[in-house]
file work_2.txt (compact mmCIF, C-alpha atoms)
# COMPACT_ATOMS: atom_id res chain seq x y z
CA MET A 27 104.09 70.84 74.67
CA THR A 28 101.76 72.37 72.09
CA LEU A 29 102.23 75.79 70.48
CA ALA A 30 99.39 77.18 72.62
CA ASP A 31 101.04 75.83 75.78
CA SER A 32 104.37 77.35 74.79
CA LEU A 33 102.76 80.74 74.14
CA ALA A 34 100.91 80.61 77.45
CA ALA A 35 104.12 79.79 79.32
CA GLU A 36 105.93 82.62 77.57
CA THR A 37 103.27 85.21 78.42
CA ARG A 38 103.61 84.29 82.09
CA THR A 39 107.40 84.61 82.19
CA SER A 40 108.27 87.34 79.68
CA TRP A 41 107.26 90.32 81.80
CA ALA A 42 110.02 92.48 83.28
CA PRO A 43 110.40 92.30 87.08
CA ASN A 44 107.88 94.38 89.00
CA ARG A 45 109.43 97.48 90.60
CA LEU A 46 106.54 97.74 93.06
CA SER A 47 105.71 95.31 95.81
CA PRO A 48 102.23 93.72 95.67
CA VAL A 49 101.07 96.06 98.45
CA ALA A 50 102.44 99.15 96.67
CA LEU A 51 100.93 97.98 93.39
CA ALA A 52 97.51 97.50 95.01
CA LEU A 53 97.76 100.94 96.63
CA ALA A 54 98.71 102.60 93.34
CA ALA A 55 95.80 100.86 91.58
CA ALA A 56 93.39 101.94 94.32
CA LEU A 57 94.58 105.55 94.07
CA LEU A 58 94.08 105.56 90.29
CA ILE A 59 90.56 104.19 90.63
CA ALA A 60 89.76 106.65 93.41
CA GLY A 61 91.03 109.45 91.18
CA VAL A 62 88.69 108.40 88.39
CA ALA A 63 85.79 108.27 90.85
CA ALA A 64 86.63 111.77 92.10
CA ILE A 65 86.72 113.16 88.55
CA LEU A 66 83.36 111.56 87.74
CA LEU A 67 81.82 113.06 90.88
CA TRP A 68 83.27 116.44 89.93
CA MET A 69 81.66 116.02 86.49
CA GLY A 70 78.29 115.65 88.17
CA ARG A 71 77.83 111.90 87.82
CA GLU A 72 75.50 110.27 90.34
CA PRO A 73 77.34 108.31 93.06
CA ILE A 74 74.77 105.49 92.91
CA CYS A 75 71.51 104.87 91.08
CA LYS A 76 68.99 107.70 91.42
CA CYS A 77 66.54 105.02 92.56
CA GLY A 78 68.38 105.07 95.88
CA THR A 79 69.19 101.37 95.99
CA ILE A 80 72.30 99.34 95.18
CA LYS A 81 71.92 96.05 93.33
CA PHE A 82 74.63 93.53 92.55
CA TRP A 83 72.97 92.64 89.23
CA GLN A 84 70.79 94.70 86.90
CA GLY A 85 69.66 92.47 84.04
CA THR A 86 67.13 94.71 82.28
CA VAL A 87 68.89 96.59 79.48
CA MET A 88 65.94 98.77 78.48
CA SER A 89 65.83 100.44 81.87
CA SER A 90 66.92 103.71 83.43
CA GLU A 91 68.72 101.56 86.01
CA ASN A 92 71.04 100.00 83.44
CA SER A 93 74.69 101.00 84.04
CA GLN A 94 73.73 102.26 87.50
CA HIS A 95 74.45 99.25 89.72
CA ILE A 96 77.44 96.99 90.38
CA ALA A 97 77.09 94.55 87.48
CA ASP A 98 75.01 94.23 84.33
CA TRP A 99 75.28 92.65 80.89
CA TYR A 100 77.97 95.16 79.90
CA THR A 101 80.21 93.97 82.73
CA PHE A 102 81.31 91.16 80.40
CA SER A 103 82.57 93.75 77.89
CA HIS A 104 84.81 95.24 80.56
CA ILE A 105 86.19 91.81 81.44
CA ILE A 106 87.10 91.45 77.77
CA HIS A 107 88.79 94.87 77.97
CA GLY A 108 91.10 93.26 80.52
CA PHE A 109 91.89 90.43 78.11
CA LEU A 110 92.65 92.94 75.35
CA PHE A 111 94.81 95.22 77.51
CA TYR A 112 96.83 92.26 78.74
CA GLY A 113 97.42 91.11 75.17
CA LEU A 114 98.21 94.65 74.02
CA PHE A 115 100.93 95.35 76.58
CA TRP A 116 102.39 91.87 76.23
CA LEU A 117 102.57 92.44 72.46
CA ILE A 118 104.13 95.89 72.88
CA ARG A 119 106.82 94.44 75.11
CA ARG A 120 107.32 91.52 72.74
CA ILE A 121 107.75 93.75 69.67
CA THR A 122 109.63 96.71 71.14
CA GLY A 123 111.61 95.02 73.91
CA LEU A 124 110.54 97.73 76.37
CA PRO A 125 110.98 96.58 79.97
CA ILE A 126 107.26 96.60 80.77
CA SER A 127 106.45 94.78 83.99
CA PHE A 128 103.15 93.11 84.74
CA GLY A 129 102.47 95.73 87.41
CA LEU A 130 103.16 98.64 85.06
CA ALA A 131 100.95 97.06 82.40
CA LEU A 132 98.16 96.70 84.96
CA LEU A 133 98.43 100.33 86.09
CA LEU A 134 98.48 101.58 82.49
CA SER A 135 95.41 99.44 81.77
CA ILE A 136 93.59 100.96 84.75
CA LEU A 137 94.59 104.40 83.49
CA LEU A 138 93.21 103.66 80.01
CA GLU A 139 90.02 102.10 81.33
CA GLY A 140 89.54 105.03 83.68
CA ALA A 141 90.08 107.50 80.84
CA TRP A 142 87.40 105.69 78.85
CA GLU A 143 84.97 105.81 81.79
CA ILE A 144 85.51 109.57 82.01
CA ALA A 145 85.11 110.07 78.25
CA GLU A 146 82.07 107.78 78.16
CA ASN A 147 80.34 109.95 80.72
CA THR A 148 80.81 113.27 78.96
CA ASN A 149 77.67 114.86 77.59
CA ALA A 150 78.92 114.50 74.00
CA VAL A 151 79.34 110.72 74.23
CA ILE A 152 76.14 110.23 76.24
CA ASN A 153 74.12 112.15 73.65
CA HIS A 154 75.79 110.20 70.85
CA TYR A 155 74.81 106.90 72.47
CA ARG A 156 71.24 108.09 72.87
CA SER A 157 70.99 109.27 69.25
CA ALA A 158 72.88 106.45 67.52
CA THR A 159 71.72 103.46 69.56
CA ILE A 160 68.57 102.15 71.22
CA SER A 161 69.79 103.42 74.62
CA LEU A 162 67.17 106.17 74.89
CA ASP A 163 67.10 105.93 78.68
CA TYR A 164 70.88 106.19 79.01
CA TYR A 165 72.05 109.29 80.88
CA GLY A 166 75.51 108.12 81.89
CA ASP A 167 76.92 105.62 84.36
CA SER A 168 76.76 106.00 88.11
CA VAL A 169 80.16 106.33 89.79
CA LEU A 170 79.53 102.96 91.44
CA ASN A 171 79.03 101.35 88.04
CA SER A 172 82.11 103.02 86.55
CA VAL A 173 84.30 101.81 89.43
CA SER A 174 82.82 98.33 89.06
CA ASP A 175 83.60 98.42 85.34
CA ILE A 176 87.24 99.22 86.06
CA LEU A 177 87.42 96.40 88.60
CA SER A 178 85.88 94.05 86.02
CA MET A 179 88.66 95.01 83.62
CA VAL A 180 91.21 94.23 86.34
CA LEU A 181 89.55 90.83 86.82
CA GLY A 182 89.87 90.14 83.11
CA PHE A 183 93.51 91.27 83.15
CA PHE A 184 94.38 88.80 85.93
CA PHE A 185 92.38 86.05 84.23
CA ALA A 186 94.44 86.53 81.06
CA ARG A 187 97.61 86.46 83.15
CA PHE A 188 96.97 83.04 84.66
CA ALA A 189 94.62 81.25 82.23
CA PRO A 190 95.81 79.43 79.11
CA VAL A 191 95.62 81.54 75.95
CA TRP A 192 93.02 79.24 74.41
CA LEU A 193 90.77 79.62 77.45
CA THR A 194 91.05 83.42 77.40
CA VAL A 195 90.18 83.57 73.70
CA THR A 196 87.37 81.05 74.05
CA SER A 197 85.95 82.92 77.04
CA ALA A 198 85.95 86.22 75.14
CA LEU A 199 84.18 84.67 72.14
CA ALA A 200 81.65 82.93 74.39
CA MET A 201 80.84 86.13 76.26
CA GLU A 202 80.43 88.10 73.03
CA LEU A 203 78.18 85.47 71.42
CA ILE A 204 76.04 84.75 74.49
CA VAL A 205 75.55 88.39 75.48
CA GLY A 206 74.92 89.33 71.84
CA TRP A 207 72.28 86.63 71.58
CA LEU A 208 70.57 87.52 74.86
CA ILE A 209 70.46 91.33 74.63
CA ARG A 210 71.36 92.02 70.97
CA ASP A 211 74.38 94.01 72.08
CA ASN A 212 77.97 93.31 73.09
CA LEU A 213 81.42 94.89 72.95
CA THR A 214 81.76 94.49 69.18
CA LEU A 215 78.34 95.99 68.42
CA ASN A 216 78.93 98.73 70.97
CA VAL A 217 82.13 99.82 69.22
CA ILE A 218 80.49 99.66 65.80
CA MET A 219 77.51 101.75 66.90
CA LEU A 220 79.78 104.27 68.60
CA LEU A 221 82.09 104.76 65.62
CA TRP A 222 79.99 103.78 62.57
CA PRO A 223 76.27 103.77 63.49
CA MET A 224 74.21 101.58 61.16
CA ASP A 225 70.45 101.89 60.87
CA TRP A 226 69.90 98.18 60.27
CA ILE A 227 71.78 97.25 63.47
CA LYS A 228 69.80 99.86 65.44
CA ALA A 229 66.54 98.43 64.03
CA TRP A 230 67.59 94.84 64.86
CA GLN A 231 68.58 95.84 68.38
CA GLY A 232 65.19 97.44 68.79
CA GLY A 233 63.50 94.14 68.01
CA ALA A 234 62.78 94.59 64.30
call {"tool": "encode", "arguments": {"input": "work_2.txt", "output": "structure tokens"}}
result
Amino acid sequence: MTLADSLAAETRTSWAPNRLSPVALALAAALLIAGVAAILLWMGREPICKCGTIKFWQGTVMSSENSQHIADWYTFSHIIHGFLFYGLFWLIRRITGLPISFGLALLLSILLEGAWEIAENTNAVINHYRSATISLDYYGDSVLNSVSDILSMVLGFFFARFAPVWLTVTSALAMELIVGWLIRDNLTLNVIMLLWPMDWIKAWQGGA
């Protein structure tokens, strides 16, 4: 057995026992996601795209319909969030010895992803995106898109749970490189432009 195989086997068996049954875990996750959706509606976010239609895929980034439908190029970033959250909570348990179960880690990940969706859709962050990036037509996510983003994170979390470590890492790198090449944006660039906006990246993303 290789080192990668040993690590993969360990990540699958080192979680503490789940205190919740699968049904209770699914219900708790659904309630958390519903809570995020309710908060976003209370904040004034649109339930679906203002265009009045629901699409499974919206592939045009420079569009007012971006981040308004079920999936788009940024869906891949949220899948990677799931990879990262899985690794984070596994590492926390590994280092601290805290009895974190897979179910608890999943619920905490949903809580963190939901908190980000709420923060991302505040006026301050929306205006920052519009001023620091090329997203001039961005006015916040629809609630449908935000819920889909959280579910994409959950998908990534489960993928990391069952896939070999090398496949999870390779998948994350592939998604970052391919999406970055196709739309000149990805999770890494998104974080950079949110925290440390750079004019040359903004110019490159605009096609310069």
call {"tool": "atom_distance", "arguments": {"input": "work_2.txt", "atom1": "atom CA of Lys81 of chain A", "atom2": "atom CA of Val173 of chain A"}}
result
14.2 Å
call {"tool": "residues_around", "arguments": {"input": "work_2.txt", "residues": "Asn147 of chain A", "least_positions_apart": "2", "cutoff": "8 Å", "atoms": "only C-alpha atoms", "output": "compact mmCIF listing (two decimals) with C-alpha atoms, in the frame of the given file"}}
result
# COMPACT_ATOMS: atom_id res chain seq x y z
CA LEU A 66 83.36 111.56 87.74
CA ARG A 71 77.83 111.90 87.82
CA GLU A 143 84.97 105.81 81.79
CA ILE A 144 85.51 109.57 82.01
CA ALA A 145 85.11 110.07 78.25
CA ASN A 149 77.67 114.86 77.59
CA VAL A 151 79.34 110.72 74.23
CA ILE A 152 76.14 110.23 76.24
CA GLY A 166 75.51 108.12 81.89
CA ASP A 167 76.92 105.62 84.36
call {"tool": "closest_atom_pairs", "arguments": {"input": "work_2.txt", "of": "segment 77-129 of chain A", "to": "segment 188-199 of chain A", "cutoff": "10 Å", "atoms": "only C-alpha atoms", "output": "CSV"}}
result
residue,atom,partner,partner_atom,distance
A:Phe102,CA,A:Ala198,CA,8.6
A:Ser103,CA,A:Ala198,CA,8.7
A:Ile105,CA,A:Ala198,CA,8.4
A:Ile106,CA,A:Ala198,CA,6.0
A:His107,CA,A:Ala198,CA,9.5
A:Phe109,CA,A:Thr194,CA,7.1
A:Leu110,CA,A:Ala198,CA,9.5
A:Gly113,CA,A:Val191,CA,9.8
call {"tool": "atom_distance", "arguments": {"input": "work_2.txt", "atom1": "atom CA of Ile136 of chain A", "atom2": "atom CA of Tyr165 of chain A"}}
result
23.4 Å
call {"tool": "residues_around", "arguments": {"input": "work_2.txt", "residues": "segment 209-218 of chain A", "least_positions_apart": "2", "cutoff": "12 Å", "atoms": "all atoms listed in the file", "output": "MDAnalysis selection string"}}
result
chainID A and resid 85:88 98:107 110 146 154:155 158:161 198:207 220:234
call {"tool": "closest_residue", "arguments": {"input": "work_2.txt", "among": "A:Glu91, A:Phe82, A:Ile59, A:Leu46", "to": "Ser168 of chain A", "atoms": "all atoms listed in the file"}}
result
A:Glu91
call {"tool": "closest_residue", "arguments": {"input": "work_2.txt", "among": "A:Ser172, A:Ser90, A:Ser178, A:Ser127", "to": "Ala64 of chain A", "atoms": "all atoms listed in the file"}}
result
A:Ser172
call {"tool": "atom_distance", "arguments": {"input": "work_2.txt", "atom1": "atom CA of Val62 of chain A", "atom2": "atom CA of Ile74 of chain A"}}
result
14.9 Å
call {"tool": "closest_residue", "arguments": {"input": "work_2.txt", "among": "A:Ile80, A:Ala141, A:Met179, A:Leu208", "to": "Gly61 of chain A", "atoms": "all atoms listed in the file"}}
result
A:Ala141
call {"tool": "closest_residue", "arguments": {"input": "work_2.txt", "among": "A:Gly70, A:Gly78, A:Gly108, A:Pro125", "to": "Thr148 of chain A", "atoms": "only C-alpha atoms"}}
result
A:Gly70
call {"tool": "closest_residue", "arguments": {"input": "work_2.txt", "among": "A:Pro48, A:Gly123, A:Pro73, A:Gly129", "to": "Val169 of chain A", "atoms": "all atoms listed in the file"}}
result
A:Pro73
call {"tool": "closest_residue", "arguments": {"input": "work_2.txt", "among": "A:Met219, A:Leu181, A:Leu170, A:Ala131", "to": "Leu67 of chain A", "atoms": "all atoms listed in the file"}}
result
A:Leu170
call {"tool": "decode", "arguments": {"input": "work_2.txt", "residues": "segment 59-199 of chain A", "atoms": "C-alpha atoms", "output": "PDB file, in the first residue's frame"}}
result
ATOM      1  CA  ILE A  59     -29.747  25.446   4.115  1.00  0.00           C
ATOM      2  CA  ALA A  60     -33.371  26.559   4.449  1.00  0.00           C
ATOM      3  CA  GLY A  61     -32.281  28.988   7.167  1.00  0.00           C
ATOM      4  CA  VAL A  62     -29.678  30.519   4.868  1.00  0.00           C
ATOM      5  CA  ALA A  63     -32.280  30.843   2.109  1.00  0.00           C
ATOM      6  CA  ALA A  64     -34.691  32.562   4.511  1.00  0.00           C
ATOM      7  CA  ILE A  65     -32.019  35.047   5.606  1.00  0.00           C
ATOM      8  CA  LEU A  66     -31.139  35.845   1.995  1.00  0.00           C
ATOM      9  CA  LEU A  67     -34.802  36.448   1.169  1.00  0.00           C
ATOM     10  CA  TRP A  68     -35.080  38.694   4.220  1.00  0.00           C
ATOM     11  CA  MET A  69     -32.036  40.607   2.934  1.00  0.00           C
ATOM     12  CA  GLY A  70     -33.905  41.303  -0.286  1.00  0.00           C
ATOM     13  CA  ARG A  71     -32.149  38.828  -2.569  1.00  0.00           C
ATOM     14  CA  GLU A  72     -34.121  37.707  -5.615  1.00  0.00           C
ATOM     15  CA  PRO A  73     -35.531  34.160  -5.282  1.00  0.00           C
ATOM     16  CA  ILE A  74     -34.642  33.366  -8.913  1.00  0.00           C
ATOM     17  CA  CYS A  75     -33.214  35.278 -11.858  1.00  0.00           C
ATOM     18  CA  LYS A  76     -35.024  38.549 -12.591  1.00  0.00           C
ATOM     19  CA  CYS A  77     -35.339  37.252 -16.154  1.00  0.00           C
ATOM     20  CA  GLY A  78     -38.098  34.990 -14.848  1.00  0.00           C
ATOM     21  CA  THR A  79     -36.600  31.728 -16.059  1.00  0.00           C
ATOM     22  CA  ILE A  80     -34.600  28.973 -14.371  1.00  0.00           C
ATOM     23  CA  LYS A  81     -31.665  27.435 -16.220  1.00  0.00           C
ATOM     24  CA  PHE A  82     -29.561  24.492 -15.123  1.00  0.00           C
ATOM     25  CA  TRP A  83     -26.444  26.025 -16.701  1.00  0.00           C
ATOM     26  CA  GLN A  84     -25.467  29.649 -17.313  1.00  0.00           C
ATOM     27  CA  GLY A  85     -22.159  29.708 -19.159  1.00  0.00           C
ATOM     28  CA  THR A  86     -21.829  33.405 -20.019  1.00  0.00           C
ATOM     29  CA  VAL A  87     -19.787  35.122 -17.304  1.00  0.00           C
ATOM     30  CA  MET A  88     -20.190  38.670 -18.621  1.00  0.00           C
ATOM     31  CA  SER A  89     -23.943  38.580 -18.159  1.00  0.00           C
ATOM     32  CA  SER A  90     -26.503  39.874 -15.693  1.00  0.00           C
ATOM     33  CA  GLU A  91     -27.717  36.265 -15.479  1.00  0.00           C
ATOM     34  CA  ASN A  92     -24.427  34.993 -14.071  1.00  0.00           C
ATOM     35  CA  SER A  93     -24.828  33.683 -10.500  1.00  0.00           C
ATOM     36  CA  GLN A  94     -28.609  33.681 -10.982  1.00  0.00           C
ATOM     37  CA  HIS A  95     -29.307  30.112 -12.101  1.00  0.00           C
ATOM     38  CA  ILE A  96     -28.561  26.620 -10.761  1.00  0.00           C
ATOM     39  CA  ALA A  97     -25.019  26.154 -12.054  1.00  0.00           C
ATOM     40  CA  ASP A  98     -22.345  28.254 -13.716  1.00  0.00           C
ATOM     41  CA  TRP A  99     -18.561  28.348 -13.990  1.00  0.00           C
ATOM     42  CA  TYR A 100     -18.274  29.333 -10.318  1.00  0.00           C
ATOM     43  CA  THR A 101     -20.026  26.128  -9.265  1.00  0.00           C
ATOM     44  CA  PHE A 102     -16.636  24.424  -9.561  1.00  0.00           C
ATOM     45  CA  SER A 103     -15.217  26.805  -6.932  1.00  0.00           C
ATOM     46  CA  HIS A 104     -17.900  25.704  -4.490  1.00  0.00           C
ATOM     47  CA  ILE A 105     -17.125  22.046  -5.144  1.00  0.00           C
ATOM     48  CA  ILE A 106     -13.529  22.846  -4.234  1.00  0.00           C
ATOM     49  CA  HIS A 107     -14.829  24.518  -1.052  1.00  0.00           C
ATOM     50  CA  GLY A 108     -16.158  21.078  -0.136  1.00  0.00           C
ATOM     51  CA  PHE A 109     -12.727  19.537  -0.695  1.00  0.00           C
ATOM     52  CA  LEU A 110     -11.126  22.215   1.489  1.00  0.00           C
ATOM     53  CA  PHE A 111     -13.670  21.976   4.310  1.00  0.00           C
ATOM     54  CA  TYR A 112     -13.308  18.203   4.404  1.00  0.00           C
ATOM     55  CA  GLY A 113      -9.531  18.520   4.644  1.00  0.00           C
ATOM     56  CA  LEU A 114      -9.789  21.304   7.231  1.00  0.00           C
ATOM     57  CA  PHE A 115     -11.986  19.410   9.681  1.00  0.00           C
ATOM     58  CA  TRP A 116     -10.071  16.180   9.186  1.00  0.00           C
ATOM     59  CA  LEU A 117      -6.856  18.091   9.963  1.00  0.00           C
ATOM     60  CA  ILE A 118      -8.388  19.766  13.027  1.00  0.00           C
ATOM     61  CA  ARG A 119      -9.430  16.389  14.384  1.00  0.00           C
ATOM     62  CA  ARG A 120      -6.052  14.908  13.528  1.00  0.00           C
ATOM     63  CA  ILE A 121      -4.101  17.672  15.305  1.00  0.00           C
ATOM     64  CA  THR A 122      -6.342  18.368  18.298  1.00  0.00           C
ATOM     65  CA  GLY A 123      -7.879  14.944  18.883  1.00  0.00           C
ATOM     66  CA  LEU A 124     -11.342  16.512  19.132  1.00  0.00           C
ATOM     67  CA  PRO A 125     -14.079  13.917  18.601  1.00  0.00           C
ATOM     68  CA  ILE A 126     -15.359  15.456  15.364  1.00  0.00           C
ATOM     69  CA  SER A 127     -17.658  13.142  13.456  1.00  0.00           C
ATOM     70  CA  PHE A 128     -18.152  13.200   9.712  1.00  0.00           C
ATOM     71  CA  GLY A 129     -21.717  14.422  10.245  1.00  0.00           C
ATOM     72  CA  LEU A 130     -20.650  17.269  12.529  1.00  0.00           C
ATOM     73  CA  ALA A 131     -17.936  18.276  10.067  1.00  0.00           C
ATOM     74  CA  LEU A 132     -20.516  18.330   7.273  1.00  0.00           C
ATOM     75  CA  LEU A 133     -22.948  20.487   9.259  1.00  0.00           C
ATOM     76  CA  LEU A 134     -20.187  22.904  10.261  1.00  0.00           C
ATOM     77  CA  SER A 135     -19.130  23.109   6.608  1.00  0.00           C
ATOM     78  CA  ILE A 136     -22.695  23.936   5.569  1.00  0.00           C
ATOM     79  CA  LEU A 137     -22.785  26.580   8.294  1.00  0.00           C
ATOM     80  CA  LEU A 138     -19.538  28.148   7.046  1.00  0.00           C
ATOM     81  CA  GLU A 139     -20.578  28.009   3.401  1.00  0.00           C
ATOM     82  CA  GLY A 140     -23.951  29.490   4.282  1.00  0.00           C
ATOM     83  CA  ALA A 141     -22.289  32.283   6.262  1.00  0.00           C
ATOM     84  CA  TRP A 142     -20.158  33.072   3.220  1.00  0.00           C
ATOM     85  CA  GLU A 143     -23.216  33.152   0.946  1.00  0.00           C
ATOM     86  CA  ILE A 144     -24.843  35.644   3.319  1.00  0.00           C
ATOM     87  CA  ALA A 145     -21.698  37.794   3.565  1.00  0.00           C
ATOM     88  CA  GLU A 146     -21.141  37.604  -0.197  1.00  0.00           C
ATOM     89  CA  ASN A 147     -24.583  39.053  -0.796  1.00  0.00           C
ATOM     90  CA  THR A 148     -24.247  42.071   1.467  1.00  0.00           C
ATOM     91  CA  ASN A 149     -24.103  45.421  -0.282  1.00  0.00           C
ATOM     92  CA  ALA A 150     -20.530  46.016   0.916  1.00  0.00           C
ATOM     93  CA  VAL A 151     -19.159  42.837  -0.683  1.00  0.00           C
ATOM     94  CA  ILE A 152     -21.254  43.227  -3.844  1.00  0.00           C
ATOM     95  CA  ASN A 153     -19.974  46.765  -4.355  1.00  0.00           C
ATOM     96  CA  HIS A 154     -16.414  45.623  -3.676  1.00  0.00           C
ATOM     97  CA  TYR A 155     -16.703  42.921  -6.350  1.00  0.00           C
ATOM     98  CA  ARG A 156     -18.063  45.448  -8.832  1.00  0.00           C
ATOM     99  CA  SER A 157     -15.296  47.975  -8.122  1.00  0.00           C
ATOM    100  CA  ALA A 158     -12.332  45.605  -7.790  1.00  0.00           C
ATOM    101  CA  THR A 159     -13.150  43.061 -10.494  1.00  0.00           C
ATOM    102  CA  ILE A 160     -14.586  42.951 -14.007  1.00  0.00           C
ATOM    103  CA  SER A 161     -17.993  41.887 -12.615  1.00  0.00           C
ATOM    104  CA  LEU A 162     -19.716  45.177 -13.462  1.00  0.00           C
ATOM    105  CA  ASP A 163     -23.067  43.445 -13.986  1.00  0.00           C
ATOM    106  CA  TYR A 164     -22.914  41.619 -10.648  1.00  0.00           C
ATOM    107  CA  TYR A 165     -25.668  42.615  -8.228  1.00  0.00           C
ATOM    108  CA  GLY A 166     -25.611  39.586  -5.962  1.00  0.00           C
ATOM    109  CA  ASP A 167     -26.646  35.946  -6.259  1.00  0.00           C
ATOM    110  CA  SER A 168     -30.216  34.753  -6.524  1.00  0.00           C
ATOM    111  CA  VAL A 169     -31.364  32.610  -3.603  1.00  0.00           C
ATOM    112  CA  LEU A 170     -31.600  29.675  -6.009  1.00  0.00           C
ATOM    113  CA  ASN A 171     -27.957  30.122  -6.959  1.00  0.00           C
ATOM    114  CA  SER A 172     -26.832  30.470  -3.341  1.00  0.00           C
ATOM    115  CA  VAL A 173     -28.632  27.263  -2.342  1.00  0.00           C
ATOM    116  CA  SER A 174     -27.122  25.507  -5.366  1.00  0.00           C
ATOM    117  CA  ASP A 175     -23.679  26.742  -4.322  1.00  0.00           C
ATOM    118  CA  ILE A 176     -24.115  25.234  -0.867  1.00  0.00           C
ATOM    119  CA  LEU A 177     -25.259  21.938  -2.381  1.00  0.00           C
ATOM    120  CA  SER A 178     -22.210  21.992  -4.674  1.00  0.00           C
ATOM    121  CA  MET A 179     -20.016  22.343  -1.595  1.00  0.00           C
ATOM    122  CA  VAL A 180     -21.795  19.341  -0.053  1.00  0.00           C
ATOM    123  CA  LEU A 181     -21.115  17.386  -3.259  1.00  0.00           C
ATOM    124  CA  GLY A 182     -17.435  18.244  -3.012  1.00  0.00           C
ATOM    125  CA  PHE A 183     -17.389  17.270   0.674  1.00  0.00           C
ATOM    126  CA  PHE A 184     -18.786  13.807  -0.086  1.00  0.00           C
ATOM    127  CA  PHE A 185     -16.447  13.418  -3.061  1.00  0.00           C
ATOM    128  CA  ALA A 186     -13.466  14.079  -0.774  1.00  0.00           C
ATOM    129  CA  ARG A 187     -14.866  11.572   1.722  1.00  0.00           C
ATOM    130  CA  PHE A 188     -14.955   8.664  -0.718  1.00  0.00           C
ATOM    131  CA  ALA A 189     -12.388   9.489  -3.425  1.00  0.00           C
ATOM    132  CA  PRO A 190      -8.663   8.800  -3.063  1.00  0.00           C
ATOM    133  CA  VAL A 191      -6.677  11.816  -1.865  1.00  0.00           C
ATOM    134  CA  TRP A 192      -4.741  12.007  -5.127  1.00  0.00           C
ATOM    135  CA  LEU A 193      -7.977  12.158  -7.129  1.00  0.00           C
ATOM    136  CA  THR A 194      -9.408  14.924  -4.943  1.00  0.00           C
ATOM    137  CA  VAL A 195      -6.246  17.016  -5.274  1.00  0.00           C
ATOM    138  CA  THR A 196      -5.970  16.354  -8.999  1.00  0.00           C
ATOM    139  CA  SER A 197      -9.629  17.240  -9.519  1.00  0.00           C
ATOM    140  CA  ALA A 198      -9.226  20.537  -7.662  1.00  0.00           C
ATOM    141  CA  LEU A 199      -6.151  21.488  -9.700  1.00  0.00           C
TER     142      LEU A 199
END
